[in-house]
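Trainee: Next comes the structure file run.cif, holding mmCIF, C-alpha atoms.
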```cif
data_model
#
loop_
_atom_site.group_PDB
_atom_site.id
_atom_site.type_symbol
_atom_site.label_atom_id
_atom_site.label_comp_id
_atom_site.auth_asym_id
_atom_site.auth_seq_id
_atom_site.Cartn_x
_atom_site.Cartn_y
_atom_site.Cartn_z
ATOM 1 C CA MET A 89 0.000 0.000 0.000
ATOM 2 C CA SER A 90 1.290 3.458 -0.881
ATOM 3 C CA LYS A 91 2.619 5.579 1.945
ATOM 4 C CA ILE A 92 1.309 9.110 2.449
ATOM 5 C CA THR A 93 3.410 12.109 3.493
ATOM 6 C CA GLY A 94 2.453 15.473 4.876
ATOM 7 C CA PRO A 95 3.473 18.648 3.027
ATOM 8 C CA ILE A 96 6.676 17.916 1.123
ATOM 9 C CA SER A 97 8.998 20.114 -0.943
ATOM 10 C CA THR A 98 10.192 17.447 -3.407
ATOM 11 C CA MET A 99 8.465 16.915 -6.751
ATOM 12 C CA PRO A 100 6.635 13.949 -8.297
ATOM 13 C CA ASN A 101 8.965 11.156 -9.492
ATOM 14 C CA HIS A 102 11.551 11.982 -6.811
ATOM 15 C CA HIS A 103 13.369 8.865 -5.543
ATOM 16 C CA HIS A 104 13.280 8.354 -1.770
ATOM 17 C CA GLU A 105 15.178 5.896 0.402
ATOM 18 C CA VAL A 106 13.423 2.537 0.765
ATOM 19 C CA PRO A 107 13.158 1.412 4.401
ATOM 20 C CA LEU A 108 14.678 -2.005 5.147
ATOM 21 C CA ASN A 109 12.346 -4.985 4.565
ATOM 22 C CA THR A 110 9.749 -2.966 2.648
ATOM 23 C CA PHE A 111 7.681 -4.892 0.124
ATOM 24 C CA CYS A 112 6.441 -3.845 -3.311
ATOM 25 C CA ASP A 113 2.996 -2.223 -3.301
ATOM 26 C CA THR A 114 1.916 -4.367 -6.272
ATOM 27 C CA HIS A 115 3.774 -7.635 -5.651
ATOM 28 C CA GLU A 116 3.518 -8.157 -1.909
ATOM 29 C CA ASP A 117 5.904 -11.143 -2.005
ATOM 30 C CA LYS A 118 8.811 -9.133 -3.511
ATOM 31 C CA LEU A 119 11.083 -6.694 -1.704
ATOM 32 C CA ALA A 120 10.949 -3.095 -2.889
ATOM 33 C CA ILE A 121 14.108 -1.690 -4.470
ATOM 34 C CA LYS A 122 12.785 1.833 -5.170
ATOM 35 C CA ARG A 123 10.436 4.296 -3.454
ATOM 36 C CA ILE A 124 9.069 6.863 -5.891
ATOM 37 C CA GLN A 125 7.091 9.974 -5.071
ATOM 38 C CA GLY A 126 3.751 9.817 -6.851
ATOM 39 C CA GLU A 127 0.851 12.243 -6.873
ATOM 40 C CA THR A 128 1.853 15.408 -5.018
ATOM 41 C CA ASP A 129 -0.031 18.518 -3.992
ATOM 42 C CA SER A 130 0.185 21.164 -1.275
ATOM 43 C CA MET A 131 -1.188 18.683 1.287
ATOM 44 C CA GLY A 132 1.473 16.014 0.704
ATOM 45 C CA SER A 133 2.260 13.102 -1.568
ATOM 46 C CA GLU A 134 2.041 9.368 -1.966
ATOM 47 C CA LEU A 135 5.185 7.233 -1.947
ATOM 48 C CA ILE A 136 5.093 4.094 -4.074
ATOM 49 C CA ASP A 137 7.317 1.132 -3.207
ATOM 50 C CA MET A 138 8.420 -0.862 -6.277
ATOM 51 C CA CYS A 139 10.158 -4.156 -6.960
ATOM 52 C CA LEU A 140 12.514 -4.403 -9.964
ATOM 53 C CA GLU A 141 9.705 -5.492 -12.304
ATOM 54 C CA CYS A 142 7.474 -2.558 -11.320
ATOM 55 C CA TYR A 143 10.379 -0.103 -11.479
ATOM 56 C CA ASN A 144 11.227 -1.200 -15.044
ATOM 57 C CA GLU A 145 7.556 -0.689 -16.025
ATOM 58 C CA TYR A 146 7.641 2.744 -14.377
ATOM 59 C CA LEU A 147 10.786 3.731 -16.351
ATOM 60 C CA ALA A 148 9.193 2.618 -19.642
ATOM 61 C CA TYR A 149 6.083 4.649 -18.794
ATOM 62 C CA ARG A 150 8.170 7.756 -17.977
ATOM 63 C CA ILE A 151 9.919 7.541 -21.375
ATOM 64 C CA LYS A 152 6.526 7.299 -23.113
ATOM 65 C CA VAL A 153 5.107 10.254 -21.156
ATOM 66 C CA LYS A 154 8.101 12.467 -22.039
ATOM 67 C CA GLN A 155 7.243 12.047 -25.719
ATOM 68 C CA GLU A 156 3.585 13.060 -25.313
ATOM 69 C CA VAL A 157 2.288 16.552 -25.991
ATOM 70 C CA SER A 158 0.692 18.341 -23.043
ATOM 71 C CA CYS A 159 -0.561 21.838 -22.319
ATOM 72 C CA CYS A 160 1.548 24.220 -20.232
ATOM 73 C CA ASP A 161 -0.414 25.446 -17.192
ATOM 74 C CA TRP A 162 1.141 28.906 -17.487
ATOM 75 C CA CYS A 163 1.170 29.850 -21.192
ATOM 76 C CA LYS A 164 -1.539 27.356 -22.276
ATOM 77 C CA LYS A 165 0.550 26.288 -25.305
ATOM 78 C CA GLU A 166 1.144 22.660 -26.249
ATOM 79 C CA SER A 167 4.606 21.304 -25.545
ATOM 80 C CA THR A 168 6.503 18.020 -25.269
ATOM 81 C CA ASN A 169 8.750 19.314 -22.483
ATOM 82 C CA CYS A 170 6.336 20.130 -19.639
ATOM 83 C CA THR A 171 7.610 19.165 -16.203
ATOM 84 C CA PRO A 172 6.272 19.543 -12.653
ATOM 85 C CA THR A 173 7.166 23.037 -11.399
ATOM 86 C CA ARG A 174 6.307 25.167 -8.397
ATOM 87 C CA ASP A 175 5.816 28.924 -8.518
ATOM 88 C CA PHE A 176 8.492 30.209 -6.139
ATOM 89 C CA GLU A 177 6.133 32.954 -4.950
ATOM 90 C CA GLU A 178 3.784 30.246 -3.629
ATOM 91 C CA GLY A 179 6.534 28.654 -1.523
ATOM 92 C CA LEU A 180 8.082 25.193 -1.281
ATOM 93 C CA TYR A 181 4.764 23.506 -0.571
ATOM 94 C CA GLY A 182 2.585 25.351 -3.101
ATOM 95 C CA ARG A 183 0.653 23.937 -6.013
ATOM 96 C CA ILE A 184 2.540 21.974 -8.661
ATOM 97 C CA TYR A 185 2.060 23.083 -12.267
ATOM 98 C CA ASP A 186 2.975 21.351 -15.550
ATOM 99 C CA VAL A 187 5.195 24.003 -17.136
ATOM 100 C CA CYS A 188 7.035 24.109 -20.472
ATOM 101 C CA LEU A 189 10.757 24.810 -20.794
ATOM 102 C CA ARG A 190 10.178 28.344 -22.136
ATOM 103 C CA CYS A 191 8.049 29.342 -19.128
ATOM 104 C CA ARG A 192 10.527 27.762 -16.672
ATOM 105 C CA GLN A 193 13.361 29.733 -18.287
ATOM 106 C CA LYS A 194 11.274 32.904 -18.064
ATOM 107 C CA GLN A 195 10.591 32.198 -14.369
ATOM 108 C CA ASN A 196 14.317 31.688 -13.709
ATOM 109 C CA GLU A 197 15.149 34.978 -15.464
ATOM 110 C CA ASN A 198 12.540 36.764 -13.329
ATOM 111 C CA ILE A 199 14.075 35.261 -10.192
ATOM 112 C CA ASP A 200 17.569 36.343 -11.292
ATOM 113 C CA ASN A 201 16.344 39.877 -12.044
ATOM 114 C CA HIS A 202 14.504 40.060 -8.725
ATOM 115 C CA TYR A 203 17.668 39.270 -6.744
ATOM 116 C CA ASP A 204 20.106 41.403 -8.787
#
```
Can the structure from this file be put into structure tokens for me?
Mentor:
Amino acid sequence: MSKITGPISTMPNHHHEVPLNTFCDTHEDKLAIKRIQGETDSMGSELIDMCLECYNEYLAYRIKVKQEVSCCDWCKKESTNCTPTRDFEEGLYGRIYDVCLRCRQKQNENIDNHYD
């Protein structure tokens, strides 16, 4: 069964340390080798424990997802390079947006200009 965290500053797909003798969430007879952060919002996240078989399926899925077109939450344009991003003005535990590379670069420039 997936573990639940409280508010957390890391992003979805972050790898966490697997506690000793933890079993896979899907295959309860196999030891987990990876703990991956799943769905995440301002309230917390789920942590998914995976055996080698499940982790390989997860990696194949991640490669497929990276090739799909999605809509940027900020500019509303379609892109193949959207990634989970927080708005720094909303803090470390704020909402997570799917943001394209162009908007992330623009955000980083704004941060640099703000602190210059």
Trainee: Which residues, named as in the file, does the PyMOL selection byres ((chain A and resi 134-147) around 9) pick out? Answer as a ChimeraX atom specification.
Mentor: /A:89-93,104,106,110-115,118-128,132-133,148-152
Trainee: Filtering to C-alpha atoms, could you give me those residues as a compact mmCIF listing (two decimals), keeping the file's coordinate frame?
Mentor:
```txt
# COMPACT_ATOMS: atom_id res chain seq x y z
CA MET A 89 0.00 0.00 0.00
CA SER A 90 1.29 3.46 -0.88
CA LYS A 91 2.62 5.58 1.94
CA ILE A 92 1.31 9.11 2.45
CA THR A 93 3.41 12.11 3.49
CA HIS A 104 13.28 8.35 -1.77
CA VAL A 106 13.42 2.54 0.76
CA THR A 110 9.75 -2.97 2.65
CA PHE A 111 7.68 -4.89 0.12
CA CYS A 112 6.44 -3.84 -3.31
CA ASP A 113 3.00 -2.22 -3.30
CA THR A 114 1.92 -4.37 -6.27
CA HIS A 115 3.77 -7.64 -5.65
CA LYS A 118 8.81 -9.13 -3.51
CA LEU A 119 11.08 -6.69 -1.70
CA ALA A 120 10.95 -3.10 -2.89
CA ILE A 121 14.11 -1.69 -4.47
CA LYS A 122 12.78 1.83 -5.17
CA ARG A 123 10.44 4.30 -3.45
CA ILE A 124 9.07 6.86 -5.89
CA GLN A 125 7.09 9.97 -5.07
CA GLY A 126 3.75 9.82 -6.85
CA GLU A 127 0.85 12.24 -6.87
CA THR A 128 1.85 15.41 -5.02
CA GLY A 132 1.47 16.01 0.70
CA SER A 133 2.26 13.10 -1.57
CA ALA A 148 9.19 2.62 -19.64
CA TYR A 149 6.08 4.65 -18.79
CA ARG A 150 8.17 7.76 -17.98
CA ILE A 151 9.92 7.54 -21.38
CA LYS A 152 6.53 7.30 -23.11
```
Trainee: I'd like the neighbourhood of segment 195-200 of chain A as number ranges by chain, where a residue qualifies if any of its atoms comes within 12 Å (using all atoms listed in the file), though same-chain residues fewer than 2 positions away should be ignored.
Mentor: A: 162-163, 173-177, 187-193, 202-204
Trainee: Given the selection you just returned, output its residues as a file containing C-alpha atoms, formatted as a compact mmCIF listing (two decimals), in the coordinates of the input.
Mentor:
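To be explicit, this is the file written out as out-v4.txt:
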```txt
# COMPACT_ATOMS: atom_id res chain seq x y z
CA TRP A 162 1.14 28.91 -17.49
CA CYS A 163 1.17 29.85 -21.19
CA THR A 173 7.17 23.04 -11.40
CA ARG A 174 6.31 25.17 -8.40
CA ASP A 175 5.82 28.92 -8.52
CA PHE A 176 8.49 30.21 -6.14
CA GLU A 177 6.13 32.95 -4.95
CA VAL A 187 5.20 24.00 -17.14
CA CYS A 188 7.04 24.11 -20.47
CA LEU A 189 10.76 24.81 -20.79
CA ARG A 190 10.18 28.34 -22.14
CA CYS A 191 8.05 29.34 -19.13
CA ARG A 192 10.53 27.76 -16.67
CA GLN A 193 13.36 29.73 -18.29
CA HIS A 202 14.50 40.06 -8.72
CA TYR A 203 17.67 39.27 -6.74
CA ASP A 204 20.11 41.40 -8.79
```
Trainee: Enter the distance from atom CA of Met131 of chain A to atom CA of Asp161 of chain A, in Å, rounded to one decimal.
Mentor: 19.7 Å
Trainee: Quick one: of A:Glu105, A:Pro95, A:Glu116, A:Pro100, who's nearest to Asp186 of chain A, counting all atoms listed in the file?
Mentor: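 Going through A:Glu105, A:Pro95, A:Glu116, A:Pro100 one by one, the smallest distance to Asp186 of chain A is for A:Pro100.
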Trainee: Please measure the separation of atom CA of Ile96 of chain A and atom CA of Glu166 of chain A, giving the value in Å to one decimal.
Mentor: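 For atom CA of Ile96 of chain A relative to atom CA of Glu166 of chain A, the distance reads 28.3 Å.
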Trainee: Work out how far atom CA of Lys154 of chain A is from atom CA of Ile184 of chain A, in Å to one decimal.
Mentor: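 These two atoms are separated by 17.3 Å.
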Trainee: Please expand the PyMOL selection byres ((chain A and resi 158) around 7) into the concrete residues it hits in this file, giving the result as a PyMOL selection string.
Mentor: chain A and resi 156-157+159-160+166-168+170
